[in-house]
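> One structure, pasted below without further comment.
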Amino acid sequence: MKSKNSSRLLLAFLGATALVVAACGSSGESSTTETAAVTADTAVAVDAKPFDGVTLTFGKAPHGEDEKANWEKWLPAFTEKTGIKVELTQVPWDQLEALYTASFASDTPYDVSYQTSTHLTLFGERGAFEDMTPRINGEDFASDLQNFPAGVLGASTYNGKLYGLPFVVGTIAMYANLDMMKSAGVATVPTTEEELVAASKAIMADQKSKGNKDVLGFYTPRTVADYGWYFTLASVHNRGGDFLSADGKTAMMDSKEVKDSAQVAVDMICKDKVQPANGLYNREAAIELFKAGKLAFILDEPSRVKTFKEAALPFAWDIGMPVGYNGKATQFATTGHWAVAAKSKNADAAWEFVKWLSSAEFNATYNQRYAFVPARLDADASGGDEMLARNASWVSVWDGLKTSPKVSQLLDEYAKALEAATSCKTSVDDAFASAQKGATEALAQG
Amino acid sequence: MSQIDQNKVLIDWQELSLTDEEFRRARSRYKLRGLIPVMGFLGPFLLLWSVFLAIPMLWSIWLSFNTGGLIDEAKFVGFDNWSRMLSNDELVRSLKNTAIYVVIAILTVFSLALTIAGLLNSNKRGQNFFKVALYFPLLVPPIMAGMIFFFLTHYDMGIINLVLQATNHEKLNFLGDNPNALLTIVSLEVWRGLGFWVLFFLAGLQSIPSDLIDAAKIDGAGSVRRFRKISLPTLRPLLLFAVIIALIFNFQLFDSVQVLTKGGPVLGTTSVVWFIYKRLFAFQDIGLAYATSVGLLIVVVVLTVAAYGFLGKRSEN
Amino acid sequence: MAEVIIRKLTKTFGDNTVVKSVSLKVEDGEFLVLLGPSGCGKSTILRLIAGLEDVTSGEILINGEIVNFVNPVDRNAAFVFQNYALYPHMTVRKNIAFPLETAKLPKEEVLKTVNEAGRILELEQLMDRLPSQLSGGQRQRVALARAIVRKPVVFLMDEPLSNLDAQLRQQTRIELMELHQRLGITTIYVTHDQIEAMTMGKRIVILKDGELQQIDTPTRTYEKPANTFVARFMGAPPMNLIKGEISLVSGQLEFKGDGFTSSLDYLKMGLTPELILSHKNETVSLGVRPEHIEISSDVLAGELSGVVKFLEPTGADLFVNVAIGEETAVVRCQPKAKIQIGTKVSLKFSSENVQLFGADSWNINTTC
């Protein structure tokens with residue numbers, strides 16, 4: 001009797017994953033969509049507002065705790081202009097993939113959703129999103145399209161299909177403690193890997209001589225948990241390499257460029273010891289170290305500019321580009337897109353919403369708050385801040401992640417190898433040979 | 001009336017008035033009437049059970065022989081997922097981690113919980129305080145638990161490292177090193193689960209007739225011998241249940257991995273369910289995820305049967 | 001073999017005093033019964049002697065040694081529990097061997113002792129069974145076997161027969177007595193069953209609300225109860241108690257009740273004029289057993305009389321309930337006596353069968 005009960009319990013647990021999908025898929029959307037569609041038909045007569053009365057569902061992972069409140073301020077303008085109502089669902093980042101899977105597996109997915117490069121084709125190639133290419137080439141978008149850099153659009157296009165309109169591109173800034181630099185006689189923010197190591201060493205020695213034994217030179221995440229790949233791949237690009245061939249068919253995890261750049265990261269932790277061992281400080285803990293004046297250089301997103309300024313750090317600091325290699329310094333990050341669900345019953349209304357979201361005006365509004373770089377050149381989000389303006393200018397050397405359906409899995413392989421190598425217990429060669437094997441298997445699979 | 005007539009009257013009165021057929025029908029109607037309320041209660045459960053358990057379960061098995069099937073259409077691939085699963089290095093590592101975790105976690109939490117429950121049971125004073133104190137971790141909201149964890153394990157400011165430093169020991173890298181990370185997760189889960197198991201075993205210990213314990217006292221058994229020879233064997237059926245529940249729960253190790261380590265460092269804390277979660281959602285490798293789910297089910301069922309065989313046999317009598 | 005002495009033993013649980021300054025002495029080899037209604041503290045006294053409870057105040061001596069602060073096992077007392085307390089996961093053999101194995105005796109000795117105990121209690125065929133496979137009587141014998149293997153100096157038995165059915169109880173009672181005769185171990189036996197107490201005890205200790213009522217032989221507790229509680233508790237139906245006042249009139253004890261007066265010979269009752277005079281002017285109770293009353297339909301004025309209310313035939317006897325004013329008396333008659341409900345009857349008894357209880361409920365005859 002007991003064993004029967006417990007195996008039934010077991011079924012419950014295993015069925016749970018499937019359950020989440022089933023349960024989420026059936027909930028959320030109400031019948032308002034249906035009635036709204038009818039209203040929309042009758043409203044066609046009114047020229048200015050062809051989608052009056054339509055309700056769109058909108059899924060978005062938040063860039064800040066105040067985002068929901070902000071949307072409540074921003075969305076009424078769109079509703080007033082078009083008559084389209086928007087129902088926002090905030091999708092938490094840590095459940096993002098599960099909840100998106102549930103949504104796109106259902107018959108009532110989010111009409112419009114925010115998708116990063118790692119998810120755009122992951123879901124898009126499985127039929128979740130409509131291809132936007134015809135829409136962006138339409139007359140109504142011609143004047144906007146010219147403001148999108150070709151490189152940005154190119155990174156988001158896969159097999160000639162664009163599953164979402166680029167909204168923001170990420171950048172990475174190197175934050176530097178100018179007081180510490182000055183004290184150690186380091187004149188300028190380092191721009192090469194060698195300079196960074198030397199400056200870090202000089203600062204640590206200088207601080208040690210002043211009795212501050214626990215000051216560290218440099219930090220950037222190298223672990224899977226803290227998205228090490230996000231902060232490391234620029235250095236691969238700087239060397240002219242990548243983890244995947246240009247045609248997206250061959251893994252290049254064991255290429256010289258990948259391994260050389262990883263070796264630099266490894267040496268900083270294991271040989272030069274200017275960066276603390278993995279796991280001692282996670283990303284947030286390291287930010288706290290920088291704010292406390294115990295860390296000279298740290299790589300992070302430009303959104304920290306605002307928080308650092310608000311916190312009025314007790315020392316002089318600045319941002320700079322992450323260091324380059326052999327005279328070449330690129331920006332690596334991912335792109336955020338607006339995607340329209342393939343199964344949306346109000347695709348045209350959704351496109352209206354996407355156009356509004358990606359307008360220069362809204363882009364500036366959004367990014368004055370969240371400090372990403374707008375994906376279009378005519379949106380100024382710096383709000384007059386010199387540092388943020390400098391950050392925005394880095395879009396000219398932007399060489400971000402090229403989307404592809406397997407990119408999440410490939411990045412996982414890369415990140416695991418990077419973490420293994422920077423643990424100082426596995427050689428770069430072994431770590432990336434294993435990544436090459438995993439990536440090749442992943443690419444070979446259907 | 002003669003004596004014989006009287007007997008005849010008596011025999012008439014003894015004659016059955018229902019035919020066999022009538023009796024049979026009335027009897028089954030009577031039985032059915034008793035079943036109606038039972039079905040009334042069981043029906044909704046059976047419905048929920050099939051909708052939420054049986055059907056997803058069968059669906060999972062079906063998907064383990066397909067590729068896709070959630071967002072896109074399922075495509076039958078035979079045993080492809082299963083062979084990929086068996087040759088996946090990360091899964092092998094995950095299974096190893098999970099097994100180590102399960103063994104250490106169950107052994108630790110059970111021995112601690114049994115000891116504490118035993119001590120609490122023999123000492124009534126302050127029992128309620130300890131019950132609440134031990135149960136506390138289960139009631140703490142995750143965000144507070146995270147803070148408590150942070151204050152314990154932070155490299156520079158955590159209490160443990162401060163103590164280690166003060167006593168001239170090397171500071172511990174709790175989550176960045178192996179096997180520390182897995183052991184840290186074990187400690188966290190033990191901390192979270194301890195209260196539950198203490199209460200569980202305490203309830204068990206308190207259900208042991210006090211006469212048995214008194215008899216053992218008279219027979220000269222000290223507290224340790226009483227616990228080992230009387231309390232534990234009496235708890236055996238409960239222990240079997242506990243082991244099976246704990247096996248099932250602990251094989252689901254996921255939360256701490258997702259929140260604390262994302263499987264790192266260097267795959268030191270990848271668990272089977274974390275592996276499944278990544279494949280299912282982040283990689284959309286639906287087939288491999290479901291094949292692994294079903295595989296995990298088989299492993300846990302086998303272990304459950306083994307546990308039952310090992311612990312259950314003696315209590316059968 | 002041992003003598004057990006209890007001095008001013010008191011036990012409190014919180015605010016509740018369950019044993020109140022009880023003193024008694026159990027002779028070496030004696031079979032002493034603690035008797036009383038449930039909640040009278042008799043089991044607690046047993047558990048205090050065994051060391052299962054901590055004594056609040058007072059002393060317990062076994063063989064002249066104070067054992068208050070001696071571990072249960074070292075008191076050398078064996079305890080037989082009401083529900084036997086057999087270890088359910090151990091076979092009969094293991095159960096009996098447990099105290100010996102705990103004492104770390106050599107294997108051969110354990111085996112020998114266990115077999116011997118099994119033989120004494122006729123358990124040879126059952127040695128490999130589990131307690132759940134035994135009948136109530138068999139479990140009882142296993143519990144006894146487990147108790148005797150340690151060669152205790154005192155047997156403490158807590159209502160050991162109460163879980164058995166009537167027939168088995170009588171049979172086991174005899175077996176227990178035989179075992180006691182054979183082993184001669186000092187035994188303290190707790191029961192709430194007065195028949196068991198009367199048949200088994202050499203002496204009976206009667207308790208009520210944690211207080212001693214009477215320690216005496218079964219016959220004395222029946223014939224000369226120390227107070228009205230004992231008078232009512234011992235015997236079924238209990239002793240009749242009739243309220244009235246006493247005085248000395250022309251060398252006779254005169255008992256004046258509601259509408260009747262009885263003259264009694266106080267010498268035959270073991271009383272003195274001083275005792276009688278000291279209880280003048282208070283309401284006393286006249287106690288007389290049902291079998292010591294004779295009823296007749298000839299009723300004289302001023303005699304104790306009443307009306308037959310109902311009859312209880314039990315086969316061997318006929319108990320006649322007689323209403324005397326507000327009170328009721330029960331009279332034992334021959335089963336074939338011709339008595340009709342509603343008739344007026346007189347009740348007669350002789351002085352040597354009468355007990356008098358003072359207003360404080362205690363027997364006026366202080367030698368009781």
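Residues in the structure tokens are numbered from 1 in each chain, the chains being A, B, ... in the order shown, and ligands are numbered from 1 in the order shown.
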Select residues of chain B: the criterion is any atom within 10 Å of an atom of chain C, counting only C-alpha atoms; output as JSON, numbers by chain.
{"B": [209, 210, 211, 212, 213, 214, 215, 216, 217, 218, 219, 220, 221, 222, 225, 226, 229, 230, 231, 233, 234, 236, 314, 315, 317]}
> Which residues of chain B have any atom within 9 Å of an atom in chain A when counting only C-alpha atoms, and what is the closest pair of atoms for each, with the distance in Å to one decimal? Order the rows by chain and rising number and write it as JSON lines.

```
{"residue": "B:Phe52", "atom": "CA", "partner": "A:Leu19", "partner_atom": "CA", "distance": 6.7}
{"residue": "B:Leu53", "atom": "CA", "partner": "A:Ala12", "partner_atom": "CA", "distance": 5.8}
{"residue": "B:Ala54", "atom": "CA", "partner": "A:Leu11", "partner_atom": "CA", "distance": 7.9}
{"residue": "B:Ile55", "atom": "CA", "partner": "A:Gly15", "partner_atom": "CA", "distance": 8.7}
{"residue": "B:Pro56", "atom": "CA", "partner": "A:Gly15", "partner_atom": "CA", "distance": 5.6}
{"residue": "B:Met57", "atom": "CA", "partner": "A:Gly15", "partner_atom": "CA", "distance": 5.3}
{"residue": "B:Leu58", "atom": "CA", "partner": "A:Gly15", "partner_atom": "CA", "distance": 9.0}
{"residue": "B:Trp59", "atom": "CA", "partner": "A:Ala18", "partner_atom": "CA", "distance": 8.3}
{"residue": "B:Ser60", "atom": "CA", "partner": "A:Ala18", "partner_atom": "CA", "distance": 7.1}
{"residue": "B:Thr67", "atom": "CA", "partner": "A:Gly446", "partner_atom": "CA", "distance": 8.2}
{"residue": "B:Gly68", "atom": "CA", "partner": "A:Arg126", "partner_atom": "CA", "distance": 8.4}
{"residue": "B:Gly69", "atom": "CA", "partner": "A:Ala105", "partner_atom": "CA", "distance": 8.6}
{"residue": "B:Leu70", "atom": "CA", "partner": "A:Ala105", "partner_atom": "CA", "distance": 5.3}
{"residue": "B:Ile71", "atom": "CA", "partner": "A:Ala105", "partner_atom": "CA", "distance": 4.2}
{"residue": "B:Asp72", "atom": "CA", "partner": "A:Arg126", "partner_atom": "CA", "distance": 5.3}
{"residue": "B:Glu73", "atom": "CA", "partner": "A:Arg126", "partner_atom": "CA", "distance": 8.6}
{"residue": "B:Asn88", "atom": "CA", "partner": "A:Gly438", "partner_atom": "CA", "distance": 8.9}
{"residue": "B:Asp89", "atom": "CA", "partner": "A:Gly438", "partner_atom": "CA", "distance": 8.8}
{"residue": "B:His154", "atom": "CA", "partner": "A:Leu280", "partner_atom": "CA", "distance": 7.9}
{"residue": "B:Tyr155", "atom": "CA", "partner": "A:Leu280", "partner_atom": "CA", "distance": 5.7}
{"residue": "B:Asp156", "atom": "CA", "partner": "A:Leu280", "partner_atom": "CA", "distance": 8.6}
{"residue": "B:Leu172", "atom": "CA", "partner": "A:Leu280", "partner_atom": "CA", "distance": 8.7}
{"residue": "B:Asn173", "atom": "CA", "partner": "A:Leu280", "partner_atom": "CA", "distance": 5.7}
{"residue": "B:Phe174", "atom": "CA", "partner": "A:Gly279", "partner_atom": "CA", "distance": 7.4}
{"residue": "B:Leu175", "atom": "CA", "partner": "A:Gly279", "partner_atom": "CA", "distance": 5.5}
{"residue": "B:Gly176", "atom": "CA", "partner": "A:Gly279", "partner_atom": "CA", "distance": 3.4}
{"residue": "B:Asp177", "atom": "CA", "partner": "A:Gly279", "partner_atom": "CA", "distance": 6.9}
{"residue": "B:Phe241", "atom": "CA", "partner": "A:Lys2", "partner_atom": "CA", "distance": 7.5}
{"residue": "B:Ile244", "atom": "CA", "partner": "A:Ser6", "partner_atom": "CA", "distance": 7.2}
{"residue": "B:Ile245", "atom": "CA", "partner": "A:Ser6", "partner_atom": "CA", "distance": 7.2}
{"residue": "B:Ile248", "atom": "CA", "partner": "A:Leu10", "partner_atom": "CA", "distance": 6.5}
{"residue": "B:Phe249", "atom": "CA", "partner": "A:Phe13", "partner_atom": "CA", "distance": 8.6}
{"residue": "B:Gln252", "atom": "CA", "partner": "A:Phe13", "partner_atom": "CA", "distance": 7.9}
{"residue": "B:Gln258", "atom": "CA", "partner": "A:Asp94", "partner_atom": "CA", "distance": 8.5}
{"residue": "B:Val259", "atom": "CA", "partner": "A:Asp94", "partner_atom": "CA", "distance": 8.7}
{"residue": "B:Leu260", "atom": "CA", "partner": "A:Ala225", "partner_atom": "CA", "distance": 7.9}
{"residue": "B:Thr261", "atom": "CA", "partner": "A:Ala225", "partner_atom": "CA", "distance": 5.8}
{"residue": "B:Lys262", "atom": "CA", "partner": "A:Ala225", "partner_atom": "CA", "distance": 5.0}
{"residue": "B:Gly263", "atom": "CA", "partner": "A:Ala225", "partner_atom": "CA", "distance": 7.7}
{"residue": "B:Gly264", "atom": "CA", "partner": "A:Val224", "partner_atom": "CA", "distance": 6.6}
{"residue": "B:Pro265", "atom": "CA", "partner": "A:Glu419", "partner_atom": "CA", "distance": 6.9}
{"residue": "B:Val266", "atom": "CA", "partner": "A:Ala420", "partner_atom": "CA", "distance": 4.9}
{"residue": "B:Leu267", "atom": "CA", "partner": "A:Lys416", "partner_atom": "CA", "distance": 7.5}
{"residue": "B:Tyr277", "atom": "CA", "partner": "A:Thr17", "partner_atom": "CA", "distance": 8.3}
{"residue": "B:Lys278", "atom": "CA", "partner": "A:Gln409", "partner_atom": "CA", "distance": 8.9}
{"residue": "B:Arg279", "atom": "CA", "partner": "A:Gln409", "partner_atom": "CA", "distance": 8.6}
{"residue": "B:Leu280", "atom": "CA", "partner": "A:Ala98", "partner_atom": "CA", "distance": 8.2}
{"residue": "B:Phe281", "atom": "CA", "partner": "A:Glu97", "partner_atom": "CA", "distance": 5.2}
{"residue": "B:Ala282", "atom": "CA", "partner": "A:Glu97", "partner_atom": "CA", "distance": 5.8}
{"residue": "B:Phe283", "atom": "CA", "partner": "A:Gln409", "partner_atom": "CA", "distance": 5.7}
{"residue": "B:Gln284", "atom": "CA", "partner": "A:Leu122", "partner_atom": "CA", "distance": 7.3}
{"residue": "B:Ser293", "atom": "CA", "partner": "A:Leu14", "partner_atom": "CA", "distance": 6.4}
{"residue": "B:Val294", "atom": "CA", "partner": "A:Leu14", "partner_atom": "CA", "distance": 7.6}
{"residue": "B:Leu296", "atom": "CA", "partner": "A:Leu14", "partner_atom": "CA", "distance": 8.3}
{"residue": "B:Leu297", "atom": "CA", "partner": "A:Leu14", "partner_atom": "CA", "distance": 6.9}
{"residue": "B:Val300", "atom": "CA", "partner": "A:Leu10", "partner_atom": "CA", "distance": 7.9}
{"residue": "B:Val301", "atom": "CA", "partner": "A:Ser7", "partner_atom": "CA", "distance": 6.5}
{"residue": "B:Thr304", "atom": "CA", "partner": "A:Ser3", "partner_atom": "CA", "distance": 7.3}
{"residue": "B:Val305", "atom": "CA", "partner": "A:Ser3", "partner_atom": "CA", "distance": 7.2}
{"residue": "B:Tyr308", "atom": "CA", "partner": "A:Ser3", "partner_atom": "CA", "distance": 7.3}
```
> Which of segment 185-346 of chain C end up as strand (DSSP E or B) when DSSP is run on this backbone - answer as a ChimeraX atom specification?
/C:186-191,203-208,211-216,227,240-249,252-257,260-264,284-288,294-296,305-313,318-324,327-333,344-346
> Can those selected residues be exported to a file as a PDB file, in the first residue's frame so that it contains C-alpha atoms?

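What follows is the written file again39.pdb:
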```
ATOM      1  CA  THR C 186       7.951 -10.259  47.867  1.00  0.00           C
ATOM      2  CA  THR C 187       5.117  -9.061  45.675  1.00  0.00           C
ATOM      3  CA  ILE C 188       3.215  -5.790  45.566  1.00  0.00           C
ATOM      4  CA  TYR C 189       0.141  -6.172  43.431  1.00  0.00           C
ATOM      5  CA  VAL C 190      -2.048  -3.290  42.291  1.00  0.00           C
ATOM      6  CA  THR C 191      -5.677  -3.792  41.385  1.00  0.00           C
ATOM      7  CA  ARG C 203      -2.939  -8.200  53.372  1.00  0.00           C
ATOM      8  CA  ILE C 204      -4.760  -5.496  51.517  1.00  0.00           C
ATOM      9  CA  VAL C 205      -3.877  -1.818  51.432  1.00  0.00           C
ATOM     10  CA  ILE C 206      -6.910   0.293  50.613  1.00  0.00           C
ATOM     11  CA  LEU C 207      -6.271   3.738  49.162  1.00  0.00           C
ATOM     12  CA  LYS C 208      -8.479   6.647  48.295  1.00  0.00           C
ATOM     13  CA  GLU C 211      -4.440   8.493  51.214  1.00  0.00           C
ATOM     14  CA  LEU C 212      -4.217   5.277  53.162  1.00  0.00           C
ATOM     15  CA  GLN C 213      -7.615   4.019  54.367  1.00  0.00           C
ATOM     16  CA  GLN C 214      -6.848   0.640  55.855  1.00  0.00           C
ATOM     17  CA  ILE C 215      -4.143  -2.005  55.875  1.00  0.00           C
ATOM     18  CA  ASP C 216      -5.446  -5.362  56.983  1.00  0.00           C
ATOM     19  CA  ASN C 227     -14.375   3.771  57.600  1.00  0.00           C
ATOM     20  CA  ASN C 240     -25.668  -0.970  54.351  1.00  0.00           C
ATOM     21  CA  LEU C 241     -25.274   2.342  56.166  1.00  0.00           C
ATOM     22  CA  ILE C 242     -28.197   3.715  58.167  1.00  0.00           C
ATOM     23  CA  LYS C 243     -28.032   7.170  59.766  1.00  0.00           C
ATOM     24  CA  GLY C 244     -29.011   7.817  63.374  1.00  0.00           C
ATOM     25  CA  GLU C 245     -27.835   8.858  66.850  1.00  0.00           C
ATOM     26  CA  ILE C 246     -26.483   6.759  69.692  1.00  0.00           C
ATOM     27  CA  SER C 247     -26.884   6.959  73.436  1.00  0.00           C
ATOM     28  CA  LEU C 248     -26.448   4.737  76.476  1.00  0.00           C
ATOM     29  CA  VAL C 249     -29.777   3.661  77.963  1.00  0.00           C
ATOM     30  CA  GLN C 252     -27.514  -0.905  76.404  1.00  0.00           C
ATOM     31  CA  LEU C 253     -26.449   1.025  73.304  1.00  0.00           C
ATOM     32  CA  GLU C 254     -29.523   2.615  71.862  1.00  0.00           C
ATOM     33  CA  PHE C 255     -29.452   3.520  68.138  1.00  0.00           C
ATOM     34  CA  LYS C 256     -32.206   5.993  67.252  1.00  0.00           C
ATOM     35  CA  GLY C 257     -32.922   6.237  63.552  1.00  0.00           C
ATOM     36  CA  PHE C 260     -37.143   3.374  64.843  1.00  0.00           C
ATOM     37  CA  THR C 261     -34.951   2.550  67.800  1.00  0.00           C
ATOM     38  CA  SER C 262     -32.623  -0.432  68.117  1.00  0.00           C
ATOM     39  CA  SER C 263     -31.000  -1.678  71.279  1.00  0.00           C
ATOM     40  CA  LEU C 264     -27.539  -3.149  70.811  1.00  0.00           C
ATOM     41  CA  VAL C 284     -23.435   8.324  63.147  1.00  0.00           C
ATOM     42  CA  SER C 285     -23.914   5.538  60.624  1.00  0.00           C
ATOM     43  CA  LEU C 286     -24.865   2.009  61.494  1.00  0.00           C
ATOM     44  CA  GLY C 287     -23.210  -0.439  59.120  1.00  0.00           C
ATOM     45  CA  VAL C 288     -24.421  -3.955  58.533  1.00  0.00           C
ATOM     46  CA  GLU C 294     -33.068 -10.938  58.473  1.00  0.00           C
ATOM     47  CA  ILE C 295     -36.332  -9.696  57.181  1.00  0.00           C
ATOM     48  CA  SER C 296     -39.811 -10.704  58.245  1.00  0.00           C
ATOM     49  CA  SER C 305     -38.715  -1.418  58.955  1.00  0.00           C
ATOM     50  CA  GLY C 306     -39.216  -0.508  55.329  1.00  0.00           C
ATOM     51  CA  VAL C 307     -41.005  -1.280  52.072  1.00  0.00           C
ATOM     52  CA  VAL C 308     -39.664  -3.770  49.506  1.00  0.00           C
ATOM     53  CA  LYS C 309     -38.774  -1.733  46.420  1.00  0.00           C
ATOM     54  CA  PHE C 310     -37.353  -4.357  44.036  1.00  0.00           C
ATOM     55  CA  LEU C 311     -35.664  -7.727  43.877  1.00  0.00           C
ATOM     56  CA  GLU C 312     -32.371  -8.778  42.294  1.00  0.00           C
ATOM     57  CA  PRO C 313     -32.128 -12.530  41.839  1.00  0.00           C
ATOM     58  CA  LEU C 318     -31.822 -12.988  46.131  1.00  0.00           C
ATOM     59  CA  PHE C 319     -30.983  -9.383  46.971  1.00  0.00           C
ATOM     60  CA  VAL C 320     -33.943  -7.473  48.359  1.00  0.00           C
ATOM     61  CA  ASN C 321     -33.894  -3.691  48.182  1.00  0.00           C
ATOM     62  CA  VAL C 322     -35.789  -2.165  51.067  1.00  0.00           C
ATOM     63  CA  ALA C 323     -36.659   1.525  51.256  1.00  0.00           C
ATOM     64  CA  ILE C 324     -36.240   2.911  54.779  1.00  0.00           C
ATOM     65  CA  GLU C 327     -32.437   5.452  52.551  1.00  0.00           C
ATOM     66  CA  THR C 328     -32.209   2.024  50.980  1.00  0.00           C
ATOM     67  CA  ALA C 329     -30.911  -1.156  52.512  1.00  0.00           C
ATOM     68  CA  VAL C 330     -30.014  -4.323  50.646  1.00  0.00           C
ATOM     69  CA  VAL C 331     -30.731  -7.675  52.260  1.00  0.00           C
ATOM     70  CA  ARG C 332     -29.438 -11.044  51.072  1.00  0.00           C
ATOM     71  CA  CYS C 333     -32.067 -13.748  51.173  1.00  0.00           C
ATOM     72  CA  LYS C 344     -43.761  -3.808  54.559  1.00  0.00           C
ATOM     73  CA  VAL C 345     -40.977  -5.733  56.247  1.00  0.00           C
ATOM     74  CA  SER C 346     -38.953  -5.486  59.426  1.00  0.00           C
TER      75      SER C 346
END
```
> In Å, rounded to a single decimal, give me how far atom CA of Phe362 of chain A is from atom CA of Gly83 of chain A.
17.6 Å
